[in-house]
$ cat upload.txt   # compact mmCIF, C-alpha atoms and all ligand atoms
# COMPACT_ATOMS: atom_id res chain seq x y z
CA MET A 1 -2.59 13.58 22.53
CA THR A 2 -5.37 12.51 20.14
CA LYS A 3 -7.82 9.64 20.63
CA ILE A 4 -7.33 7.44 17.58
CA ALA A 5 -9.12 4.23 16.59
CA PHE A 6 -7.16 1.95 14.25
CA ILE A 7 -9.13 -0.65 12.27
CA GLY A 8 -7.07 -3.37 10.55
CA LEU A 9 -3.98 -4.30 12.58
CA GLY A 10 -2.25 -6.45 9.95
CA ASN A 11 1.23 -6.27 8.43
CA MET A 12 0.93 -2.53 7.83
CA GLY A 13 -1.70 -1.41 10.33
CA GLY A 14 -0.05 -3.20 13.28
CA PRO A 15 3.21 -1.24 13.19
CA MET A 16 1.47 1.99 12.15
CA ALA A 17 -0.82 1.82 15.19
CA ALA A 18 2.16 0.94 17.40
CA ASN A 19 4.01 4.07 16.21
CA LEU A 20 1.00 6.25 17.06
CA ALA A 21 0.83 4.73 20.56
CA ARG A 22 4.60 5.15 21.01
CA ALA A 23 4.24 8.84 20.10
CA GLY A 24 1.85 9.34 23.02
CA HIS A 25 -1.54 9.14 21.30
CA GLN A 26 -4.34 7.15 22.92
CA VAL A 27 -4.84 4.36 20.39
CA SER A 28 -7.67 1.84 20.45
CA GLY A 29 -7.80 -0.84 17.78
CA TYR A 30 -9.75 -3.63 16.19
CA ASP A 31 -9.04 -6.51 13.82
CA VAL A 32 -11.12 -9.58 12.97
CA VAL A 33 -8.07 -11.80 13.64
CA PRO A 34 -7.44 -12.43 17.38
CA ALA A 35 -3.66 -12.83 16.88
CA ALA A 36 -3.48 -9.33 15.39
CA LEU A 37 -5.30 -7.98 18.47
CA ALA A 38 -2.90 -9.75 20.83
CA HIS A 39 0.12 -8.43 18.96
CA ALA A 40 -1.25 -4.90 18.98
CA ARG A 41 -1.77 -5.07 22.76
CA GLU A 42 1.91 -5.91 23.20
CA ASN A 43 2.67 -2.68 21.33
CA GLY A 44 0.62 -0.31 23.45
CA VAL A 45 -2.65 -0.41 21.49
CA ASP A 46 -5.89 -0.82 23.43
CA ALA A 47 -7.17 -3.65 21.21
CA LEU A 48 -10.89 -4.20 21.79
CA GLY A 49 -13.46 -6.86 20.92
CA SER A 50 -15.42 -4.90 18.30
CA ALA A 51 -15.02 -2.08 15.83
CA ALA A 52 -17.86 -0.16 17.49
CA GLU A 53 -16.16 -0.28 20.91
CA SER A 54 -12.86 0.90 19.49
CA VAL A 55 -14.27 3.94 17.65
CA ALA A 56 -16.45 5.14 20.54
CA GLY A 57 -15.08 8.51 21.64
CA ALA A 58 -12.33 8.60 19.01
CA GLU A 59 -11.45 11.88 17.28
CA VAL A 60 -9.75 10.10 14.37
CA VAL A 61 -10.49 6.68 12.82
CA ILE A 62 -7.84 5.11 10.57
CA THR A 63 -8.63 2.07 8.41
CA MET A 64 -5.88 -0.14 6.94
CA LEU A 65 -7.84 -2.97 5.27
CA PRO A 66 -7.25 -5.33 2.32
CA SER A 67 -9.65 -3.84 -0.27
CA GLY A 68 -12.32 -1.30 -1.11
CA ALA A 69 -15.06 -3.80 -0.32
CA HIS A 70 -13.64 -4.20 3.20
CA VAL A 71 -13.48 -0.43 3.72
CA LEU A 72 -16.99 0.28 2.44
CA GLY A 73 -18.31 -2.76 4.33
CA ALA A 74 -16.73 -1.66 7.60
CA TYR A 75 -18.00 1.91 7.15
CA ARG A 76 -21.54 0.66 6.45
CA ASP A 77 -21.54 -2.09 9.08
CA GLY A 78 -21.26 0.19 12.06
CA LEU A 79 -18.00 2.18 12.04
CA LEU A 80 -19.66 5.41 10.91
CA ALA A 81 -22.67 4.91 13.15
CA ALA A 82 -20.58 4.21 16.25
CA ALA A 83 -18.35 7.27 15.89
CA GLN A 84 -19.07 10.63 17.50
CA PRO A 85 -20.23 13.36 15.06
CA GLY A 86 -17.45 15.12 13.15
CA THR A 87 -14.91 12.30 13.49
CA LEU A 88 -12.07 12.41 10.96
CA PHE A 89 -12.02 9.15 8.95
CA ILE A 90 -8.67 8.42 7.28
CA ASP A 91 -8.49 5.42 4.94
CA SER A 92 -4.91 4.32 4.26
CA SER A 93 -5.78 1.07 2.43
CA THR A 94 -4.97 0.86 -1.29
CA ILE A 95 -8.37 0.85 -3.05
CA ASP A 96 -10.12 2.06 -6.23
CA VAL A 97 -10.41 5.81 -6.71
CA ASP A 98 -14.20 5.39 -7.02
CA ASP A 99 -14.35 3.38 -3.78
CA ALA A 100 -12.29 6.06 -2.02
CA ARG A 101 -14.71 8.74 -3.17
CA ALA A 102 -17.68 6.57 -2.14
CA ALA A 103 -16.14 6.04 1.30
CA ARG A 104 -15.68 9.77 1.74
CA GLU A 105 -19.30 10.40 0.69
CA LEU A 106 -20.54 7.80 3.19
CA ALA A 107 -18.51 9.47 5.92
CA ARG A 108 -19.84 12.89 5.02
CA ASP A 109 -23.45 11.71 4.82
CA ALA A 110 -23.05 10.30 8.34
CA GLY A 111 -21.87 13.68 9.66
CA HIS A 112 -18.13 12.95 9.62
CA ARG A 113 -15.07 14.06 7.65
CA GLY A 114 -13.25 11.64 5.35
CA LEU A 115 -10.10 11.42 3.27
CA ASP A 116 -7.94 8.89 1.41
CA ALA A 117 -4.30 8.55 2.46
CA PRO A 118 -2.73 5.43 0.90
CA VAL A 119 0.94 4.73 1.51
CA SER A 120 4.09 3.51 -0.10
CA GLY A 121 7.11 2.21 1.76
CA GLY A 122 5.95 -1.30 2.69
CA VAL A 123 6.16 -3.08 6.03
CA GLY A 124 9.69 -1.77 6.62
CA GLY A 125 8.48 1.80 6.20
CA ALA A 126 5.48 1.13 8.46
CA GLU A 127 7.77 -0.21 11.20
CA ALA A 128 10.32 2.60 10.86
CA GLY A 129 7.68 5.34 10.57
CA THR A 130 9.05 6.40 7.19
CA LEU A 131 6.03 5.81 4.94
CA THR A 132 5.04 8.22 2.18
CA PHE A 133 1.38 9.24 2.47
CA MET A 134 -0.51 10.37 -0.64
CA VAL A 135 -3.53 12.32 0.49
CA GLY A 136 -6.80 13.16 -1.26
CA ALA A 137 -8.63 15.68 0.92
CA ASP A 138 -10.09 19.15 1.29
CA ASP A 139 -7.61 21.65 2.74
CA PRO A 140 -9.04 21.71 6.30
CA ASP A 141 -9.21 17.91 6.49
CA PHE A 142 -5.64 17.64 5.20
CA ALA A 143 -4.48 20.12 7.83
CA ALA A 144 -6.19 18.06 10.55
CA ALA A 145 -4.74 14.76 9.33
CA GLU A 146 -1.18 15.85 8.55
CA PRO A 147 0.25 15.84 12.12
CA ILE A 148 -1.16 12.33 12.70
CA LEU A 149 0.16 10.99 9.40
CA ALA A 150 3.56 12.60 10.03
CA VAL A 151 3.99 10.32 13.07
CA MET A 152 3.79 7.27 10.78
CA GLY A 153 5.55 8.69 7.73
CA ALA A 154 8.51 10.68 6.49
CA ARG A 155 6.54 12.40 3.69
CA VAL A 156 2.91 13.52 3.56
CA VAL A 157 1.91 14.80 0.10
CA HIS A 158 -1.40 16.58 -0.48
CA CYS A 159 -2.30 15.32 -3.98
CA GLY A 160 -5.68 17.05 -4.39
CA GLY A 161 -9.31 16.47 -3.47
CA SER A 162 -11.09 13.22 -2.57
CA GLY A 163 -9.60 10.22 -4.43
CA ALA A 164 -6.42 12.04 -5.49
CA GLY A 165 -4.29 10.08 -3.03
CA GLN A 166 -5.45 6.77 -4.49
CA ALA A 167 -4.97 8.17 -8.01
CA ALA A 168 -1.34 9.03 -7.20
CA LYS A 169 -0.73 5.60 -5.65
CA ILE A 170 -2.19 3.75 -8.65
CA CYS A 171 -0.28 5.87 -11.19
CA ASN A 172 3.00 5.42 -9.30
CA ASN A 173 2.59 1.66 -9.14
CA LEU A 174 1.70 1.53 -12.84
CA ILE A 175 5.11 3.08 -13.54
CA LEU A 176 6.75 0.65 -11.12
CA GLY A 177 5.10 -2.49 -12.52
CA VAL A 178 5.92 -1.65 -16.13
CA SER A 179 9.48 -0.53 -15.35
CA MET A 180 10.29 -3.70 -13.39
CA ILE A 181 9.23 -5.83 -16.36
CA ALA A 182 11.35 -3.66 -18.71
CA VAL A 183 14.42 -3.89 -16.45
CA SER A 184 13.98 -7.67 -16.11
CA GLU A 185 13.61 -8.15 -19.88
CA ALA A 186 16.79 -6.11 -20.40
CA PHE A 187 18.76 -8.30 -17.97
CA VAL A 188 17.52 -11.49 -19.64
CA LEU A 189 18.35 -10.11 -23.08
CA GLY A 190 21.78 -9.18 -21.71
CA GLU A 191 22.26 -12.76 -20.50
CA LYS A 192 21.39 -14.04 -24.00
CA LEU A 193 23.88 -11.58 -25.52
CA GLY A 194 26.69 -12.54 -23.12
CA LEU A 195 26.58 -9.29 -21.11
CA THR A 196 27.32 -9.53 -17.37
CA HIS A 197 24.74 -8.24 -14.90
CA GLN A 198 27.31 -5.86 -13.45
CA ALA A 199 28.23 -4.39 -16.85
CA LEU A 200 24.58 -3.70 -17.74
CA PHE A 201 23.98 -2.26 -14.28
CA ASP A 202 27.04 0.00 -14.45
CA VAL A 203 25.88 1.43 -17.77
CA ALA A 204 22.11 1.66 -17.28
CA SER A 205 22.24 2.94 -13.68
CA ALA A 206 24.24 5.95 -14.89
CA ALA A 207 22.47 6.34 -18.24
CA SER A 208 18.95 6.94 -19.50
CA GLY A 209 17.73 3.50 -18.36
CA GLN A 210 18.08 4.57 -14.73
CA CYS A 211 15.00 3.91 -12.54
CA TRP A 212 14.07 2.64 -9.05
CA ALA A 213 13.40 -0.88 -10.35
CA LEU A 214 17.03 -1.00 -11.46
CA THR A 215 18.97 0.98 -8.87
CA THR A 216 17.08 0.09 -5.65
CA ASN A 217 15.14 -3.12 -6.33
CA CYS A 218 17.51 -4.63 -8.92
CA PRO A 219 15.99 -7.98 -10.05
CA VAL A 220 19.37 -9.79 -10.29
CA PRO A 221 21.61 -10.53 -7.29
CA GLY A 222 24.90 -8.67 -7.02
CA PRO A 223 24.80 -5.07 -8.18
CA VAL A 224 22.51 -3.79 -5.36
CA PRO A 225 23.23 -5.94 -2.26
CA SER A 226 20.05 -4.84 -0.43
CA SER A 227 17.66 -5.81 -3.24
CA PRO A 228 15.33 -8.82 -2.68
CA ALA A 229 17.11 -10.76 -5.46
CA ASN A 230 19.96 -11.29 -2.97
CA ARG A 231 17.66 -13.09 -0.50
CA ASP A 232 15.79 -15.47 -2.80
CA TYR A 233 13.22 -12.77 -3.61
CA GLN A 234 11.72 -12.54 -0.14
CA PRO A 235 9.62 -9.37 -0.20
CA GLY A 236 10.00 -6.45 -0.28
CA PHE A 237 6.88 -5.76 -2.23
CA ALA A 238 5.00 -9.00 -2.79
CA GLY A 239 3.80 -10.13 -6.21
CA ALA A 240 0.25 -10.40 -4.83
CA LEU A 241 0.25 -6.70 -3.95
CA MET A 242 1.64 -5.68 -7.33
CA ALA A 243 -1.04 -7.79 -9.03
CA LYS A 244 -3.68 -6.12 -6.85
CA ASP A 245 -2.41 -2.59 -7.51
CA LEU A 246 -2.14 -3.14 -11.26
CA GLY A 247 -5.70 -4.52 -11.16
CA LEU A 248 -6.78 -1.20 -9.64
CA ALA A 249 -4.80 0.63 -12.35
CA LEU A 250 -6.53 -1.48 -15.00
CA ASN A 251 -9.96 -0.57 -13.58
CA ALA A 252 -9.01 3.10 -13.66
CA LEU A 253 -7.59 2.88 -17.21
CA GLU A 254 -10.82 1.27 -18.43
CA ALA A 255 -13.11 3.60 -16.49
CA THR A 256 -11.38 6.69 -17.84
CA GLY A 257 -10.87 5.45 -21.40
CA THR A 258 -7.10 5.98 -21.16
CA ALA A 259 -5.39 4.57 -24.26
CA ALA A 260 -2.73 2.62 -22.37
CA GLN A 261 -1.17 -0.54 -23.75
CA LEU A 262 1.65 -1.41 -21.35
CA GLY A 263 -0.46 -0.99 -18.20
CA PRO A 264 -3.03 -3.68 -19.10
CA LEU A 265 -0.24 -5.98 -20.30
CA ALA A 266 1.69 -5.51 -17.05
CA ALA A 267 -1.51 -6.17 -15.08
CA SER A 268 -2.06 -9.50 -16.87
CA ILE A 269 1.63 -10.47 -16.52
CA TYR A 270 1.56 -9.87 -12.75
CA ARG A 271 -1.87 -11.50 -12.31
CA ARG A 272 -0.52 -14.70 -13.85
CA PHE A 273 2.76 -14.40 -11.90
CA ALA A 274 0.84 -14.13 -8.62
CA ASP A 275 -1.52 -16.99 -9.51
CA GLU A 276 1.32 -19.29 -10.54
CA GLY A 277 3.45 -19.14 -7.38
CA GLY A 278 4.78 -15.58 -7.26
CA ALA A 279 2.19 -14.14 -4.84
CA GLY A 280 4.50 -14.37 -1.83
CA LEU A 281 7.72 -13.49 -3.64
CA ASP A 282 9.04 -10.01 -4.28
CA PHE A 283 7.60 -8.68 -7.54
CA SER A 284 11.12 -8.50 -9.01
CA ALA A 285 11.05 -12.32 -9.21
CA ILE A 286 9.14 -11.72 -12.45
CA ILE A 287 12.62 -11.97 -14.02
CA ASN A 288 12.55 -15.73 -13.38
CA THR A 289 9.33 -16.06 -15.40
CA ILE A 290 10.93 -14.14 -18.27
CA ARG A 291 14.04 -16.35 -18.05
CA HIS A 292 11.92 -19.49 -17.96
CA ASN A 293 9.93 -18.37 -21.03
CA SER A 294 13.24 -17.61 -22.77
CA ASN A 295 14.51 -21.17 -22.23
CA LEU A 296 17.23 -20.02 -19.83
P1 LIG B 301 -2.96 -7.46 5.91
O1 LIG B 301 -3.83 -8.49 5.28
O2 LIG B 301 -1.73 -7.87 6.62
O3 LIG B 301 -3.84 -6.59 6.96
C1 LIG B 301 -5.20 -6.30 6.79
C2 LIG B 301 -5.87 -6.56 8.13
O4 LIG B 301 -7.23 -6.18 8.05
C3 LIG B 301 -5.85 -8.05 8.51
O5 LIG B 301 -5.22 -8.21 9.78
C4 LIG B 301 -7.33 -8.43 8.56
O6 LIG B 301 -7.64 -9.38 9.55
C5 LIG B 301 -7.96 -7.10 8.87
N1 LIG B 301 -9.39 -6.98 8.54
C6 LIG B 301 -10.04 -7.41 7.44
N2 LIG B 301 -11.34 -7.06 7.49
C7 LIG B 301 -11.50 -6.40 8.67
C8 LIG B 301 -12.60 -5.76 9.30
N3 LIG B 301 -13.82 -5.75 8.76
N4 LIG B 301 -12.41 -5.17 10.50
C9 LIG B 301 -11.19 -5.18 11.09
N5 LIG B 301 -10.09 -5.75 10.53
C10 LIG B 301 -10.26 -6.34 9.34
O7 LIG B 301 -2.63 -6.40 4.75
P2 LIG B 301 -1.51 -5.25 4.77
O8 LIG B 301 -0.29 -5.75 4.10
O9 LIG B 301 -1.44 -4.66 6.14
O10 LIG B 301 -2.19 -4.21 3.76
C11 LIG B 301 -3.25 -3.36 4.16
C12 LIG B 301 -3.50 -2.38 3.04
O11 LIG B 301 -2.31 -1.63 2.80
C13 LIG B 301 -3.88 -3.03 1.71
O12 LIG B 301 -4.87 -2.25 1.10
C14 LIG B 301 -2.58 -3.02 0.93
O13 LIG B 301 -2.79 -2.99 -0.47
C15 LIG B 301 -1.96 -1.73 1.43
N6 LIG B 301 -0.48 -1.67 1.32
C16 LIG B 301 0.28 -2.72 1.72
C17 LIG B 301 1.66 -2.64 1.61
C18 LIG B 301 2.55 -3.79 2.05
O14 LIG B 301 3.74 -3.78 1.69
N7 LIG B 301 2.03 -4.76 2.79
C19 LIG B 301 2.26 -1.49 1.09
C20 LIG B 301 1.45 -0.42 0.72
C21 LIG B 301 0.07 -0.52 0.84

$ encode --input "upload.txt" --output "structure tokens" --more "lines below"
Ligand code: NAD
Amino acid sequence: MTKIAFIGLGNMGGPMAANLARAGHQVSGYDVVPAALAHARENGVDALGSAAESVAGAEVVITMLPSGAHVLGAYRDGLLAAAQPGTLFIDSSTIDVDDARAARELARDAGHRGLDAPVSGGVGGAEAGTLTFMVGADDPDFAAAEPILAVMGARVVHCGGSGAGQAAKICNNLILGVSMIAVSEAFVLGEKLGLTHQALFDVASAASGQCWALTTNCPVPGPVPSSPANRDYQPGFAGALMAKDLGLALNALEATGTAAQLGPLAASIYRRFADEGGAGLDFSAIINTIRHNSNL
């Protein structure tokens, strides 16, 4: 049994904290939204009135917050100061690589240990405890975090030192964002050429066009009954989150001088998609924008 403080009890953090409590850990929690606190209490989390109260005495502090600014702000505004020396700080939010490294430095300067452990798998994976964790940490910190992360996930991958978890997350979602646009353009071109969705799926899913965007999250209804296209594009993985993650990829591409062309284009396509009504839809609904722009 480990004493764990969980900060950020939203769509992801709520069920993740609940799984830790269900596994027998002593979980305290904090969120700025009272409804999130109330929901967490129903799921066995000792939800308290302040971040400082919830981290007091904890051995591990997990943050699951919207952005890097939230994480760095929470660390600076009292989380680090309220924790006992040597506490293991795990940030599972999706944030910039530089922010992840800065967070780890802040934790270390305050006498703690810190690592980045972003996730993929969405709310469904958080509820089922089947997330994939991508971890950037020193070996001893990874070893300390792994049994805790394994409660909330099916896979825990040690990607390298500080920031490597965020780097893996951003690179993966760059592939995903670009490939979903490519798959959607191919379906719309197929429609123009008189090809049925099923025929294109049957060929591409067993040929060199095969990818997750096609075979798991297929953007047209029919070929993959569980894909969001079959339920009016309810997420799934929301357009707002894809726009956010590609924005992080864009920052990293620019900061590193990587000569990418499709990444920045995909980032601008998803930014506009999210701003023009797609924020709450699954990101595969980008196919409707392509159709619309193709006069279909
Ligand atoms: P969310 O908005 O549902 O949850 C974030 C929670 O943080 C909210 O409840 C908010 O009130 C709380 N919060 C904000 N500032 C706070 C503070 N200072 N102290 C305490 N609580 C604070 O978002 P989410 O969907 O749970 O996502 C969380 C993170 O996980 C994001 O970085 C997101 O990119 C990442 N992520 C989300 C998904 C997904 O499918 N939702 C998948 C993978 C990764």

$ closest_residue --input "upload.txt" --among "A:Gly111, A:Pro66, A:Gly129, A:Gly153" --to "ligand LIG 301 (chain B)" --atoms "all atoms listed in the file"
A:Pro66

$ residues_around --input "upload.txt" --residues "A:Glu53" --least-positions-apart "4" --cutoff "10 Å" --atoms "all atoms listed in the file" --output "PyMOL selection string"
chain A and resi 5+28-30+47-49+57-58+79+82-83

$ closest_atom_pairs --input "upload.txt" --of "chain A" --to "ligand LIG 301 (chain B)" --cutoff "9 Å" --atoms "all atoms listed in the file" --output "JSON lines"
{"residue": "A:Phe6", "atom": "CA", "partner": "B:LIG301", "partner_atom": "C9", "distance": 8.8}
{"residue": "A:Ile7", "atom": "CA", "partner": "B:LIG301", "partner_atom": "C9", "distance": 5.1}
{"residue": "A:Gly8", "atom": "CA", "partner": "B:LIG301", "partner_atom": "O4", "distance": 3.8}
{"residue": "A:Leu9", "atom": "CA", "partner": "B:LIG301", "partner_atom": "O5", "distance": 5.0}
{"residue": "A:Gly10", "atom": "CA", "partner": "B:LIG301", "partner_atom": "O3", "distance": 3.4}
{"residue": "A:Asn11", "atom": "CA", "partner": "B:LIG301", "partner_atom": "O2", "distance": 3.8}
{"residue": "A:Met12", "atom": "CA", "partner": "B:LIG301", "partner_atom": "O9", "distance": 3.6}
{"residue": "A:Gly13", "atom": "CA", "partner": "B:LIG301", "partner_atom": "O9", "distance": 5.3}
{"residue": "A:Gly14", "atom": "CA", "partner": "B:LIG301", "partner_atom": "O9", "distance": 7.4}
{"residue": "A:Gly29", "atom": "CA", "partner": "B:LIG301", "partner_atom": "C9", "distance": 8.7}
{"residue": "A:Tyr30", "atom": "CA", "partner": "B:LIG301", "partner_atom": "C9", "distance": 5.5}
{"residue": "A:Asp31", "atom": "CA", "partner": "B:LIG301", "partner_atom": "N5", "distance": 3.5}
{"residue": "A:Val32", "atom": "CA", "partner": "B:LIG301", "partner_atom": "N5", "distance": 4.7}
{"residue": "A:Val33", "atom": "CA", "partner": "B:LIG301", "partner_atom": "O6", "distance": 4.8}
{"residue": "A:Pro34", "atom": "CA", "partner": "B:LIG301", "partner_atom": "O6", "distance": 8.4}
{"residue": "A:Ala35", "atom": "CA", "partner": "B:LIG301", "partner_atom": "O5", "distance": 8.6}
{"residue": "A:Ala36", "atom": "CA", "partner": "B:LIG301", "partner_atom": "O5", "distance": 6.0}
{"residue": "A:Leu37", "atom": "CA", "partner": "B:LIG301", "partner_atom": "O5", "distance": 8.7}
{"residue": "A:Ser50", "atom": "CA", "partner": "B:LIG301", "partner_atom": "C9", "distance": 8.4}
{"residue": "A:Ala51", "atom": "CA", "partner": "B:LIG301", "partner_atom": "N4", "distance": 6.7}
{"residue": "A:Thr63", "atom": "CA", "partner": "B:LIG301", "partner_atom": "C9", "distance": 8.1}
{"residue": "A:Met64", "atom": "CA", "partner": "B:LIG301", "partner_atom": "C11", "distance": 5.0}
{"residue": "A:Leu65", "atom": "CA", "partner": "B:LIG301", "partner_atom": "O4", "distance": 4.3}
{"residue": "A:Pro66", "atom": "CA", "partner": "B:LIG301", "partner_atom": "O12", "distance": 4.1}
{"residue": "A:Ser67", "atom": "CA", "partner": "B:LIG301", "partner_atom": "O12", "distance": 5.2}
{"residue": "A:Gly68", "atom": "CA", "partner": "B:LIG301", "partner_atom": "O12", "distance": 7.8}
{"residue": "A:His70", "atom": "CA", "partner": "B:LIG301", "partner_atom": "N2", "distance": 5.6}
{"residue": "A:Val71", "atom": "CA", "partner": "B:LIG301", "partner_atom": "N3", "distance": 7.3}
{"residue": "A:Gly73", "atom": "CA", "partner": "B:LIG301", "partner_atom": "N3", "distance": 7.0}
{"residue": "A:Ala74", "atom": "CA", "partner": "B:LIG301", "partner_atom": "N3", "distance": 5.2}
{"residue": "A:Tyr75", "atom": "CA", "partner": "B:LIG301", "partner_atom": "N3", "distance": 8.9}
{"residue": "A:Asp77", "atom": "CA", "partner": "B:LIG301", "partner_atom": "N3", "distance": 8.5}
{"residue": "A:Ser92", "atom": "CA", "partner": "B:LIG301", "partner_atom": "O11", "distance": 6.7}
{"residue": "A:Ser93", "atom": "CA", "partner": "B:LIG301", "partner_atom": "O12", "distance": 3.7}
{"residue": "A:Thr94", "atom": "CA", "partner": "B:LIG301", "partner_atom": "O12", "distance": 3.9}
{"residue": "A:Ile95", "atom": "CA", "partner": "B:LIG301", "partner_atom": "O12", "distance": 6.3}
{"residue": "A:Pro118", "atom": "CA", "partner": "B:LIG301", "partner_atom": "C21", "distance": 6.6}
{"residue": "A:Val119", "atom": "CA", "partner": "B:LIG301", "partner_atom": "C20", "distance": 5.2}
{"residue": "A:Ser120", "atom": "CA", "partner": "B:LIG301", "partner_atom": "C20", "distance": 4.8}
{"residue": "A:Gly121", "atom": "CA", "partner": "B:LIG301", "partner_atom": "C19", "distance": 6.1}
{"residue": "A:Gly122", "atom": "CA", "partner": "B:LIG301", "partner_atom": "O14", "distance": 3.5}
{"residue": "A:Val123", "atom": "CA", "partner": "B:LIG301", "partner_atom": "O14", "distance": 5.0}
{"residue": "A:Gly124", "atom": "CA", "partner": "B:LIG301", "partner_atom": "O14", "distance": 8.0}
{"residue": "A:Gly125", "atom": "CA", "partner": "B:LIG301", "partner_atom": "O14", "distance": 8.6}
{"residue": "A:Ala126", "atom": "CA", "partner": "B:LIG301", "partner_atom": "C19", "distance": 8.5}
{"residue": "A:Leu131", "atom": "CA", "partner": "B:LIG301", "partner_atom": "C20", "distance": 8.8}
{"residue": "A:Lys169", "atom": "CA", "partner": "B:LIG301", "partner_atom": "C21", "distance": 9.0}
{"residue": "A:Pro235", "atom": "CA", "partner": "B:LIG301", "partner_atom": "O14", "distance": 8.3}
{"residue": "A:Gly236", "atom": "CA", "partner": "B:LIG301", "partner_atom": "O14", "distance": 7.1}
{"residue": "A:Phe237", "atom": "CA", "partner": "B:LIG301", "partner_atom": "O14", "distance": 5.4}
{"residue": "A:Ala238", "atom": "CA", "partner": "B:LIG301", "partner_atom": "O14", "distance": 7.0}
{"residue": "A:Leu241", "atom": "CA", "partner": "B:LIG301", "partner_atom": "O13", "distance": 5.9}
{"residue": "A:Met242", "atom": "CA", "partner": "B:LIG301", "partner_atom": "O13", "distance": 8.6}
{"residue": "A:Lys244", "atom": "CA", "partner": "B:LIG301", "partner_atom": "O13", "distance": 7.2}
{"residue": "A:Asp245", "atom": "CA", "partner": "B:LIG301", "partner_atom": "O13", "distance": 7.1}

$ axis_aligned_box --input "upload.txt" --around "stretch 270-283 of chain A" --padding-each-side "8 Å" --output "AutoDock Vina command-line options"
--center_x 3.6 --center_y -14.0 --center_z -7.8 --size_x 26.9 --size_y 26.6 --size_z 28.0

$ residues_near_point --input "upload.txt" --point "(-11.1, 1.2, -12.1)" --cutoff "12 Å" --atoms "all atoms listed in the file" --output "JSON, numbers by chain"
{"A": [68, 95, 96, 97, 98, 99, 100, 163, 166, 167, 170, 171, 244, 245, 246, 247, 248, 249, 250, 251, 252, 253, 254, 255, 256, 257, 258, 264]}

$ atom_distance --input "upload.txt" --atom1 "atom CA of A:Ala240" --atom2 "atom CA of A:Leu20"
27.5 Å

$ atom_distance --input "upload.txt" --atom1 "atom CA of A:Met1" --atom2 "atom CA of A:Leu149"
13.7 Å

$ closest_atom_pairs --input "upload.txt" --of "stretch 202-223 of chain A" --to "stretch 275-292 of chain A" --cutoff "10 Å" --atoms "all atoms listed in the file" --output "Markdown table"
| residue | atom | partner | partner_atom | distance |
| --- | --- | --- | --- | --- |
| A:Ala213 | CA | A:Ser284 | CA | 8.1 |
| A:Leu214 | CA | A:Ser284 | CA | 9.9 |
| A:Asn217 | CA | A:Ser284 | CA | 7.2 |
| A:Cys218 | CA | A:Ser284 | CA | 7.5 |
| A:Pro219 | CA | A:Ser284 | CA | 5.0 |
| A:Val220 | CA | A:Ile287 | CA | 8.0 |

$ closest_residue --input "upload.txt" --among "A:Val224, A:Leu193, A:Val135, A:Leu72" --to "A:Ala164" --atoms "all atoms listed in the file"
A:Val135

$ closest_residue --input "upload.txt" --among "A:Ser184, A:Thr196, A:Ala17, A:Lys3" --to "A:Gly209" --atoms "all atoms listed in the file"
A:Ser184

$ residues_around --input "upload.txt" --residues "A:Ala21" --least-positions-apart "3" --cutoff "8 Å" --atoms "all atoms listed in the file" --output "ChimeraX atom specification"
/A:17-18,24-27,43-45

$ atom_distance --input "upload.txt" --atom1 "atom CA of A:Gln84" --atom2 "atom CA of A:Ala110"
10.0 Å

$ closest_residue --input "upload.txt" --among "A:Arg271, A:Pro228, A:Leu195, A:Leu88" --to "A:Pro140" --atoms "only C-alpha atoms"
A:Leu88

$ closest_residue --input "upload.txt" --among "A:Ala56, A:Ala143, A:Ile148, A:Ala204" --to "A:Gly190" --atoms "all atoms listed in the file"
A:Ala204

$ closest_residue --input "upload.txt" --among "A:His39, A:Leu265, A:Pro223, A:Met134" --to "A:Phe201" --atoms "only C-alpha atoms"
A:Pro223

$ residues_around --input "upload.txt" --residues "A:Asp109" --least-positions-apart "4" --cutoff "12 Å" --atoms "all atoms listed in the file" --output "ChimeraX atom specification"
/A:75-76,80-81,85-86,102-105,113-114

$ write_last_selection --input "upload.txt" --atoms "C-alpha atoms" --output "short mmCIF file (atom, residue, chain, number, x, y, z; two decimals), in the coordinates of the input"
data_model
loop_
_atom_site.label_atom_id
_atom_site.label_comp_id
_atom_site.auth_asym_id
_atom_site.auth_seq_id
_atom_site.Cartn_x
_atom_site.Cartn_y
_atom_site.Cartn_z
CA TYR A 75 -18.00 1.91 7.15
CA ARG A 76 -21.54 0.66 6.45
CA LEU A 80 -19.66 5.41 10.91
CA ALA A 81 -22.67 4.91 13.15
CA PRO A 85 -20.23 13.36 15.06
CA GLY A 86 -17.45 15.12 13.15
CA ALA A 102 -17.68 6.57 -2.14
CA ALA A 103 -16.14 6.04 1.30
CA ARG A 104 -15.68 9.77 1.74
CA GLU A 105 -19.30 10.40 0.69
CA ARG A 113 -15.07 14.06 7.65
CA GLY A 114 -13.25 11.64 5.35
#
